[in-house]
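Q: You'll find query.cif just under this line, and it carries mmCIF, C-alpha atoms; chains and numbers go by the auth columns.
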```cif
data_entry
#
loop_
_atom_site.group_PDB
_atom_site.id
_atom_site.type_symbol
_atom_site.label_atom_id
_atom_site.label_comp_id
_atom_site.label_asym_id
_atom_site.label_seq_id
_atom_site.Cartn_x
_atom_site.Cartn_y
_atom_site.Cartn_z
_atom_site.B_iso_or_equiv
_atom_site.auth_seq_id
_atom_site.auth_asym_id
ATOM 1 C CA MET A 1 -192.877 26.674 52.156 0.00 1 A
ATOM 2 C CA ILE A 2 -189.294 25.972 51.137 0.00 2 A
ATOM 3 C CA CYS A 3 -186.359 27.636 52.891 0.00 3 A
ATOM 4 C CA TYR A 4 -182.683 27.624 52.065 0.00 4 A
ATOM 5 C CA LEU A 5 -179.588 29.096 53.630 0.00 5 A
ATOM 6 C CA VAL A 6 -176.595 30.220 51.613 0.00 6 A
ATOM 7 C CA CYS A 7 -173.764 29.270 53.967 0.00 7 A
ATOM 8 C CA ALA A 8 -170.710 31.366 53.251 0.00 8 A
ATOM 9 C CA THR A 9 -167.596 33.211 54.268 0.00 9 A
ATOM 10 C CA HIS A 10 -167.048 36.858 53.377 0.00 10 A
ATOM 11 C CA ARG A 11 -165.762 37.641 49.871 0.00 11 A
ATOM 12 C CA SER A 12 -166.724 34.168 48.611 0.00 12 A
ATOM 13 C CA GLY A 13 -169.124 35.252 45.862 0.00 13 A
ATOM 14 C CA SER A 14 -172.154 34.956 48.128 0.00 14 A
ATOM 15 C CA ASN A 15 -173.505 38.416 47.196 0.00 15 A
ATOM 16 C CA LEU A 16 -173.286 37.539 43.514 0.00 16 A
ATOM 17 C CA LEU A 17 -175.079 34.238 44.088 0.00 17 A
ATOM 18 C CA CYS A 18 -177.787 35.796 46.284 0.00 18 A
ATOM 19 C CA GLN A 19 -178.422 38.606 43.802 0.00 19 A
ATOM 20 C CA ALA A 20 -178.787 36.078 40.980 0.00 20 A
ATOM 21 C CA LEU A 21 -181.221 33.973 43.035 0.00 21 A
ATOM 22 C CA TRP A 22 -183.212 37.064 44.005 0.00 22 A
ATOM 23 C CA HIS A 23 -183.540 38.217 40.389 0.00 23 A
ATOM 24 C CA THR A 24 -185.230 34.977 39.369 0.00 24 A
ATOM 25 C CA ASP A 25 -188.293 36.071 41.385 0.00 25 A
ATOM 26 C CA LEU A 26 -188.630 32.383 42.280 0.00 26 A
ATOM 27 C CA CYS A 27 -185.960 31.839 44.944 0.00 27 A
ATOM 28 C CA GLY A 28 -186.844 34.201 47.743 0.00 28 A
ATOM 29 C CA ARG A 29 -184.954 37.420 48.350 0.00 29 A
ATOM 30 C CA PRO A 30 -181.792 36.178 50.058 0.00 30 A
ATOM 31 C CA GLN A 31 -179.643 38.608 51.980 0.00 31 A
ATOM 32 C CA GLU A 32 -177.400 38.498 55.022 0.00 32 A
ATOM 33 C CA PHE A 33 -180.161 38.727 57.645 0.00 33 A
ATOM 34 C CA PHE A 34 -178.451 37.094 60.621 0.00 34 A
ATOM 35 C CA SER A 35 -175.574 39.370 61.559 0.00 35 A
ATOM 36 C CA PRO A 36 -175.977 39.997 65.298 0.00 36 A
ATOM 37 C CA THR A 37 -174.752 43.571 64.911 0.00 37 A
ATOM 38 C CA ARG A 38 -177.076 44.395 62.002 0.00 38 A
ATOM 39 C CA ALA A 39 -180.367 42.675 62.958 0.00 39 A
ATOM 40 C CA GLU A 40 -182.035 45.844 64.245 0.00 40 A
ATOM 41 C CA LYS A 41 -181.025 47.777 61.118 0.00 41 A
ATOM 42 C CA ILE A 42 -182.295 44.935 58.905 0.00 42 A
ATOM 43 C CA ALA A 43 -185.616 44.879 60.782 0.00 43 A
ATOM 44 C CA ALA A 44 -186.003 48.630 60.222 0.00 44 A
ATOM 45 C CA GLU A 45 -184.983 48.415 56.534 0.00 45 A
ATOM 46 C CA HIS A 46 -187.643 45.776 55.861 0.00 46 A
ATOM 47 C CA GLY A 47 -190.365 47.301 58.036 0.00 47 A
ATOM 48 C CA LEU A 48 -190.492 44.412 60.478 0.00 48 A
ATOM 49 C CA ALA A 49 -192.510 44.825 63.665 0.00 49 A
ATOM 50 C CA ALA A 50 -190.514 42.211 65.603 0.00 50 A
ATOM 51 C CA ASP A 51 -187.624 43.521 67.673 0.00 51 A
ATOM 52 C CA PRO A 52 -184.723 41.082 67.136 0.00 52 A
ATOM 53 C CA GLY A 53 -183.236 42.136 70.472 0.00 53 A
ATOM 54 C CA ARG A 54 -186.283 40.813 72.335 0.00 54 A
ATOM 55 C CA ASP A 55 -187.944 38.357 69.950 0.00 55 A
ATOM 56 C CA TYR A 56 -185.476 36.786 67.546 0.00 56 A
ATOM 57 C CA THR A 57 -187.868 33.968 66.655 0.00 57 A
ATOM 58 C CA GLY A 58 -190.504 36.566 65.729 0.00 58 A
ATOM 59 C CA TYR A 59 -187.871 38.411 63.694 0.00 59 A
ATOM 60 C CA ILE A 60 -187.102 35.265 61.692 0.00 60 A
ATOM 61 C CA GLU A 61 -190.789 34.414 61.241 0.00 61 A
ATOM 62 C CA GLU A 62 -191.467 37.906 59.945 0.00 62 A
ATOM 63 C CA LEU A 63 -188.447 37.759 57.620 0.00 63 A
ATOM 64 C CA ILE A 64 -189.733 34.480 56.185 0.00 64 A
ATOM 65 C CA ALA A 65 -193.191 35.988 55.674 0.00 65 A
ATOM 66 C CA LYS A 66 -191.982 39.247 54.095 0.00 66 A
ATOM 67 C CA ARG A 67 -188.906 38.120 52.158 0.00 67 A
ATOM 68 C CA SER A 68 -190.339 35.012 50.479 0.00 68 A
ATOM 69 C CA THR A 69 -191.337 35.039 46.841 0.00 69 A
ATOM 70 C CA GLU A 70 -194.934 34.396 45.798 0.00 70 A
ATOM 71 C CA ASN A 71 -194.188 30.688 45.349 0.00 71 A
ATOM 72 C CA GLU A 72 -193.346 30.487 49.079 0.00 72 A
ATOM 73 C CA VAL A 73 -189.568 30.239 48.849 0.00 73 A
ATOM 74 C CA PHE A 74 -187.390 31.948 51.448 0.00 74 A
ATOM 75 C CA GLY A 75 -183.634 32.324 51.191 0.00 75 A
ATOM 76 C CA GLY A 76 -181.141 33.802 53.587 0.00 76 A
ATOM 77 C CA LYS A 77 -177.386 34.109 53.697 0.00 77 A
ATOM 78 C CA ILE A 78 -175.474 33.188 56.813 0.00 78 A
ATOM 79 C CA MET A 79 -171.798 33.589 57.569 0.00 79 A
ATOM 80 C CA TRP A 80 -169.992 31.095 59.789 0.00 80 A
ATOM 81 C CA ALA A 81 -169.560 33.711 62.541 0.00 81 A
ATOM 82 C CA HIS A 82 -173.329 34.306 62.604 0.00 82 A
ATOM 83 C CA LEU A 83 -174.395 30.680 63.011 0.00 83 A
ATOM 84 C CA ALA A 84 -173.719 30.291 66.754 0.00 84 A
ATOM 85 C CA PRO A 85 -175.419 33.593 67.719 0.00 85 A
ATOM 86 C CA LEU A 86 -178.509 32.671 65.668 0.00 86 A
ATOM 87 C CA VAL A 87 -178.714 29.220 67.265 0.00 87 A
ATOM 88 C CA GLY A 88 -178.140 30.787 70.687 0.00 88 A
ATOM 89 C CA GLU A 89 -181.102 33.114 70.167 0.00 89 A
ATOM 90 C CA VAL A 90 -183.646 30.526 68.997 0.00 90 A
ATOM 91 C CA GLY A 91 -182.283 27.181 70.191 0.00 91 A
ATOM 92 C CA ARG A 92 -183.772 25.081 72.941 0.00 92 A
ATOM 93 C CA GLU A 93 -181.784 23.253 75.575 0.00 93 A
ATOM 94 C CA GLY A 94 -180.282 20.052 74.202 0.00 94 A
ATOM 95 C CA GLU A 95 -181.054 20.852 70.564 0.00 95 A
ATOM 96 C CA GLU A 96 -178.337 20.303 67.989 0.00 96 A
ATOM 97 C CA THR A 97 -177.632 23.121 65.531 0.00 97 A
ATOM 98 C CA ARG A 98 -179.220 21.256 62.630 0.00 98 A
ATOM 99 C CA GLU A 99 -182.368 20.618 64.685 0.00 99 A
ATOM 100 C CA VAL A 100 -182.648 24.312 65.563 0.00 100 A
ATOM 101 C CA LEU A 101 -182.228 25.436 61.973 0.00 101 A
ATOM 102 C CA GLU A 102 -184.676 22.895 60.591 0.00 102 A
ATOM 103 C CA ARG A 103 -187.277 23.789 63.219 0.00 103 A
ATOM 104 C CA VAL A 104 -187.010 27.514 62.529 0.00 104 A
ATOM 105 C CA PHE A 105 -186.700 27.285 58.727 0.00 105 A
ATOM 106 C CA PRO A 106 -189.354 24.942 57.266 0.00 106 A
ATOM 107 C CA ASN A 107 -188.215 22.428 54.643 0.00 107 A
ATOM 108 C CA LEU A 108 -184.633 23.700 54.878 0.00 108 A
ATOM 109 C CA HIS A 109 -182.011 23.214 52.168 0.00 109 A
ATOM 110 C CA TYR A 110 -178.361 24.248 52.314 0.00 110 A
ATOM 111 C CA LEU A 111 -176.143 25.886 49.701 0.00 111 A
ATOM 112 C CA TRP A 112 -172.461 26.266 50.525 0.00 112 A
ATOM 113 C CA VAL A 113 -170.696 28.904 48.470 0.00 113 A
ATOM 114 C CA ARG A 114 -166.924 28.583 48.543 0.00 114 A
ATOM 115 C CA ARG A 115 -164.149 30.561 46.978 0.00 115 A
ATOM 116 C CA ASP A 116 -161.408 28.185 45.921 0.00 116 A
ATOM 117 C CA ASP A 117 -158.646 30.797 45.717 0.00 117 A
ATOM 118 C CA LYS A 118 -158.266 31.771 49.371 0.00 118 A
ATOM 119 C CA LEU A 119 -155.402 34.153 48.656 0.00 119 A
ATOM 120 C CA ARG A 120 -157.555 36.209 46.281 0.00 120 A
ATOM 121 C CA GLN A 121 -160.389 36.041 48.790 0.00 121 A
ATOM 122 C CA ALA A 122 -158.085 37.385 51.504 0.00 122 A
ATOM 123 C CA ILE A 123 -156.765 40.173 49.268 0.00 123 A
ATOM 124 C CA SER A 124 -160.335 41.091 48.338 0.00 124 A
ATOM 125 C CA MET A 125 -161.279 41.315 52.022 0.00 125 A
ATOM 126 C CA TRP A 126 -158.241 43.383 52.918 0.00 126 A
ATOM 127 C CA LYS A 127 -158.989 45.757 50.051 0.00 127 A
ATOM 128 C CA ALA A 128 -162.685 46.003 51.017 0.00 128 A
ATOM 129 C CA LYS A 129 -161.833 46.730 54.640 0.00 129 A
ATOM 130 C CA GLN A 130 -159.586 49.607 53.620 0.00 130 A
ATOM 131 C CA THR A 131 -161.856 51.150 50.984 0.00 131 A
ATOM 132 C CA LYS A 132 -165.164 50.367 52.774 0.00 132 A
ATOM 133 C CA ILE A 133 -166.447 49.096 49.412 0.00 133 A
ATOM 134 C CA TYR A 134 -167.864 45.622 49.937 0.00 134 A
ATOM 135 C CA ASN A 135 -169.881 45.020 46.769 0.00 135 A
ATOM 136 C CA SER A 136 -170.402 46.256 43.243 0.00 136 A
ATOM 137 C CA LEU A 137 -173.508 48.197 44.265 0.00 137 A
ATOM 138 C CA GLN A 138 -171.196 50.569 46.114 0.00 138 A
ATOM 139 C CA GLU A 139 -168.966 51.360 43.121 0.00 139 A
ATOM 140 C CA SER A 140 -170.147 54.962 42.906 0.00 140 A
ATOM 141 C CA GLU A 141 -168.533 55.418 46.309 0.00 141 A
ATOM 142 C CA LEU A 142 -165.136 54.426 44.910 0.00 142 A
ATOM 143 C CA GLN A 143 -164.452 57.990 43.897 0.00 143 A
ATOM 144 C CA GLY A 144 -162.409 59.508 46.670 0.00 144 A
ATOM 145 C CA ALA A 145 -161.761 56.159 48.377 0.00 145 A
ATOM 146 C CA ALA A 146 -158.261 55.728 49.709 0.00 146 A
ATOM 147 C CA GLU A 147 -155.896 53.614 47.661 0.00 147 A
ATOM 148 C CA PRO A 148 -155.492 50.291 49.503 0.00 148 A
ATOM 149 C CA VAL A 149 -152.092 49.533 51.004 0.00 149 A
ATOM 150 C CA PHE A 150 -150.576 46.062 50.703 0.00 150 A
ATOM 151 C CA ASP A 151 -149.980 44.363 54.048 0.00 151 A
ATOM 152 C CA PHE A 152 -148.702 40.798 53.796 0.00 152 A
ATOM 153 C CA GLU A 153 -149.414 39.989 57.465 0.00 153 A
ATOM 154 C CA GLU A 154 -153.028 41.211 57.344 0.00 154 A
ATOM 155 C CA ILE A 155 -153.653 39.305 54.128 0.00 155 A
ATOM 156 C CA ARG A 156 -152.145 36.171 55.682 0.00 156 A
ATOM 157 C CA LYS A 157 -154.467 36.541 58.693 0.00 157 A
ATOM 158 C CA GLN A 158 -157.508 36.921 56.430 0.00 158 A
ATOM 159 C CA LYS A 159 -156.487 33.890 54.367 0.00 159 A
ATOM 160 C CA GLN A 160 -156.083 31.803 57.523 0.00 160 A
ATOM 161 C CA ARG A 161 -159.474 33.016 58.786 0.00 161 A
ATOM 162 C CA PHE A 162 -161.217 31.982 55.555 0.00 162 A
ATOM 163 C CA GLU A 163 -159.524 28.584 55.587 0.00 163 A
ATOM 164 C CA GLN A 164 -160.666 28.031 59.185 0.00 164 A
ATOM 165 C CA GLU A 165 -164.234 29.169 58.469 0.00 165 A
ATOM 166 C CA ASP A 166 -164.517 26.914 55.415 0.00 166 A
ATOM 167 C CA GLU A 167 -163.229 24.018 57.476 0.00 167 A
ATOM 168 C CA SER A 168 -165.814 24.828 60.158 0.00 168 A
ATOM 169 C CA TRP A 169 -168.611 24.735 57.555 0.00 169 A
ATOM 170 C CA ARG A 170 -167.248 21.429 56.238 0.00 170 A
ATOM 171 C CA GLN A 171 -167.193 19.942 59.737 0.00 171 A
ATOM 172 C CA PHE A 172 -170.698 21.202 60.505 0.00 172 A
ATOM 173 C CA PHE A 173 -172.120 19.602 57.366 0.00 173 A
ATOM 174 C CA ALA A 174 -170.239 16.337 57.927 0.00 174 A
ATOM 175 C CA GLU A 175 -171.136 16.032 61.619 0.00 175 A
ATOM 176 C CA SER A 176 -174.779 16.946 60.935 0.00 176 A
ATOM 177 C CA GLY A 177 -175.178 14.524 58.045 0.00 177 A
ATOM 178 C CA ILE A 178 -175.970 17.364 55.642 0.00 178 A
ATOM 179 C CA THR A 179 -175.038 17.204 51.966 0.00 179 A
ATOM 180 C CA PRO A 180 -175.223 20.841 50.831 0.00 180 A
ATOM 181 C CA ILE A 181 -175.312 22.018 47.261 0.00 181 A
ATOM 182 C CA ILE A 182 -171.774 23.356 46.820 0.00 182 A
ATOM 183 C CA VAL A 183 -171.209 26.388 44.621 0.00 183 A
ATOM 184 C CA HIS A 184 -167.579 27.176 43.786 0.00 184 A
ATOM 185 C CA TYR A 185 -166.564 30.734 42.987 0.00 185 A
#
```
Show me, as structure tokens, the structure contained in the file I just sent.
A:
Amino acid sequence: MICYLVCATHRSGSNLLCQALWHTDLCGRPQEFFSPTRAEKIAAEHGLAADPGRDYTGYIEELIAKRSTENEVFGGKIMWAHLAPLVGEVGREGEETREVLERVFPNLHYLWVRRDDKLRQAISMWKAKQTKIYNSLQESELQGAAEPVFDFEEIRKQKQRFEQEDESWRQFFAESGITPIIVHY
């Protein structure tokens, strides 16, 4: 078994990367599985028996079993904001984050997808929040969507958020001694 996590921030190209990996039929079926607010919906969508609210370890084990490709590769996408809740659910007292992840995900590898142009990333997020269109698979829903309104302050806040989250990923990798594969978008 080989596992990998696509470590990302929103609007960084992570959906594009995960879809490309999925379509190889060799790299697992990576999606954003670890959002604390969406875990129950994800479990239902994938027909998982484990209840993430009561057995998060079982939820992850079942995801690995059901979302791996035939060659035993599992991939998942994780946003910075989802890392601490995941570790809080499955971590043991005194365990470092890297130890938790590598215990839960066998033979773990890390990909870090980054969007270099943070201003465009922030504008993309602000637009997505207003239109409720977050990826190209939702384009049919664009008809009737409200025209986004420019808001310099909101875009600035999003840009600052993405800069902080990228810095947090960088610090995590550096402090944990992890050299991720970095994908620039």
Q: Written as a ChimeraX atom specification, which residues does the PyMOL selection byres ((chain A and resi 28) around 12) give for the file shown?
A: /A:1-6,18-27,29-31,63-77
Q: Expanded to explicit residues, what is the PyMOL selection byres ((chain A and resi 157) around 12) for this file, as a list of chain:residue names?
A: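 In the shown coordinates, the PyMOL selection byres ((chain A and resi 157) around 12) covers A:Lys118, A:Leu119, A:Gln121, A:Ala122, A:Ile123, A:Met125, A:Trp126, A:Asp151, A:Phe152, A:Glu153, A:Glu154, A:Ile155, A:Arg156, A:Gln158, A:Lys159, A:Gln160, A:Arg161, A:Phe162, A:Glu163, A:Gln164.
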Q: Would you write out those residues with C-alpha atoms, as a PDB file, keeping the file's coordinate frame?
A:
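Wrote it out as part.pdb, contents follow:
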```
ATOM      1  CA  LYS A 118    -158.266  31.771  49.371  1.00  0.00           C
ATOM      2  CA  LEU A 119    -155.402  34.153  48.656  1.00  0.00           C
ATOM      3  CA  GLN A 121    -160.389  36.041  48.790  1.00  0.00           C
ATOM      4  CA  ALA A 122    -158.085  37.385  51.504  1.00  0.00           C
ATOM      5  CA  ILE A 123    -156.765  40.173  49.268  1.00  0.00           C
ATOM      6  CA  MET A 125    -161.279  41.315  52.022  1.00  0.00           C
ATOM      7  CA  TRP A 126    -158.241  43.383  52.918  1.00  0.00           C
ATOM      8  CA  ASP A 151    -149.980  44.363  54.048  1.00  0.00           C
ATOM      9  CA  PHE A 152    -148.702  40.798  53.796  1.00  0.00           C
ATOM     10  CA  GLU A 153    -149.414  39.989  57.465  1.00  0.00           C
ATOM     11  CA  GLU A 154    -153.028  41.211  57.344  1.00  0.00           C
ATOM     12  CA  ILE A 155    -153.653  39.305  54.128  1.00  0.00           C
ATOM     13  CA  ARG A 156    -152.145  36.171  55.682  1.00  0.00           C
ATOM     14  CA  GLN A 158    -157.508  36.921  56.430  1.00  0.00           C
ATOM     15  CA  LYS A 159    -156.487  33.890  54.367  1.00  0.00           C
ATOM     16  CA  GLN A 160    -156.083  31.803  57.523  1.00  0.00           C
ATOM     17  CA  ARG A 161    -159.474  33.016  58.786  1.00  0.00           C
ATOM     18  CA  PHE A 162    -161.217  31.982  55.555  1.00  0.00           C
ATOM     19  CA  GLU A 163    -159.524  28.584  55.587  1.00  0.00           C
ATOM     20  CA  GLN A 164    -160.666  28.031  59.185  1.00  0.00           C
TER      21      GLN A 164
END
```
Q: State, in Å with one decimal place, the distance from CA of Leu83 (chain A) to CA of Ala49 (chain A).
A: 23.0 Å
Q: Go through A:Ala128, A:Tyr59, A:Thr97, A:His109 and flag the residue nearest Ala44 (chain A), using all atoms listed in the file for the distances.
A: A:Tyr59
Q: Taking only C-alpha atoms into account, which of A:Leu108, A:Ile78, A:Ala174, A:Val87 comes nearest Asn15 (chain A)?
A: A:Ile78
Q: Carefully work through the PyMOL selection byres ((chain A and resi 114) around 8) for this structure and note down the residues it includes, as a PyMOL selection string.
A: chain A and resi 8-9+12-13+112-113+115-116+166+182-185
Q: To one decimal place, how far is CA of Thr37 (chain A) from CA of Glu95 (chain A) in Å?
A: 24.2 Å
Q: Need the shell around Ala50 (chain A): protein/DNA/RNA residues with any atom at most 10 Å away, counting all atoms listed in the file. Skip same-chain ones fewer than 2 positions apart. Format as an MDAnalysis selection string?
A: chainID A and resid 40 43:44 47:48 52:63
Q: Output, as lines of an AutoDock Vina configuration file, the centre and edge lengths in Å (one decimal) of the axis-aligned box that contains all listed atoms of region 76-87 of chain A with 3 Å of margin on each side.
A:
```
center_x = -175.4
center_y = 31.8
center_z = 60.7
size_x = 17.6
size_y = 11.1
size_z = 20.1
```
Q: Which protein, DNA or RNA residues have an atom at most 12 Å from (-174.0, 42.8, 63.3), counting only C-alpha atoms? List them as a VMD selection string.
A: chain A and resid 32 to 42 52 to 53 78 to 79 81 to 82 85 to 86
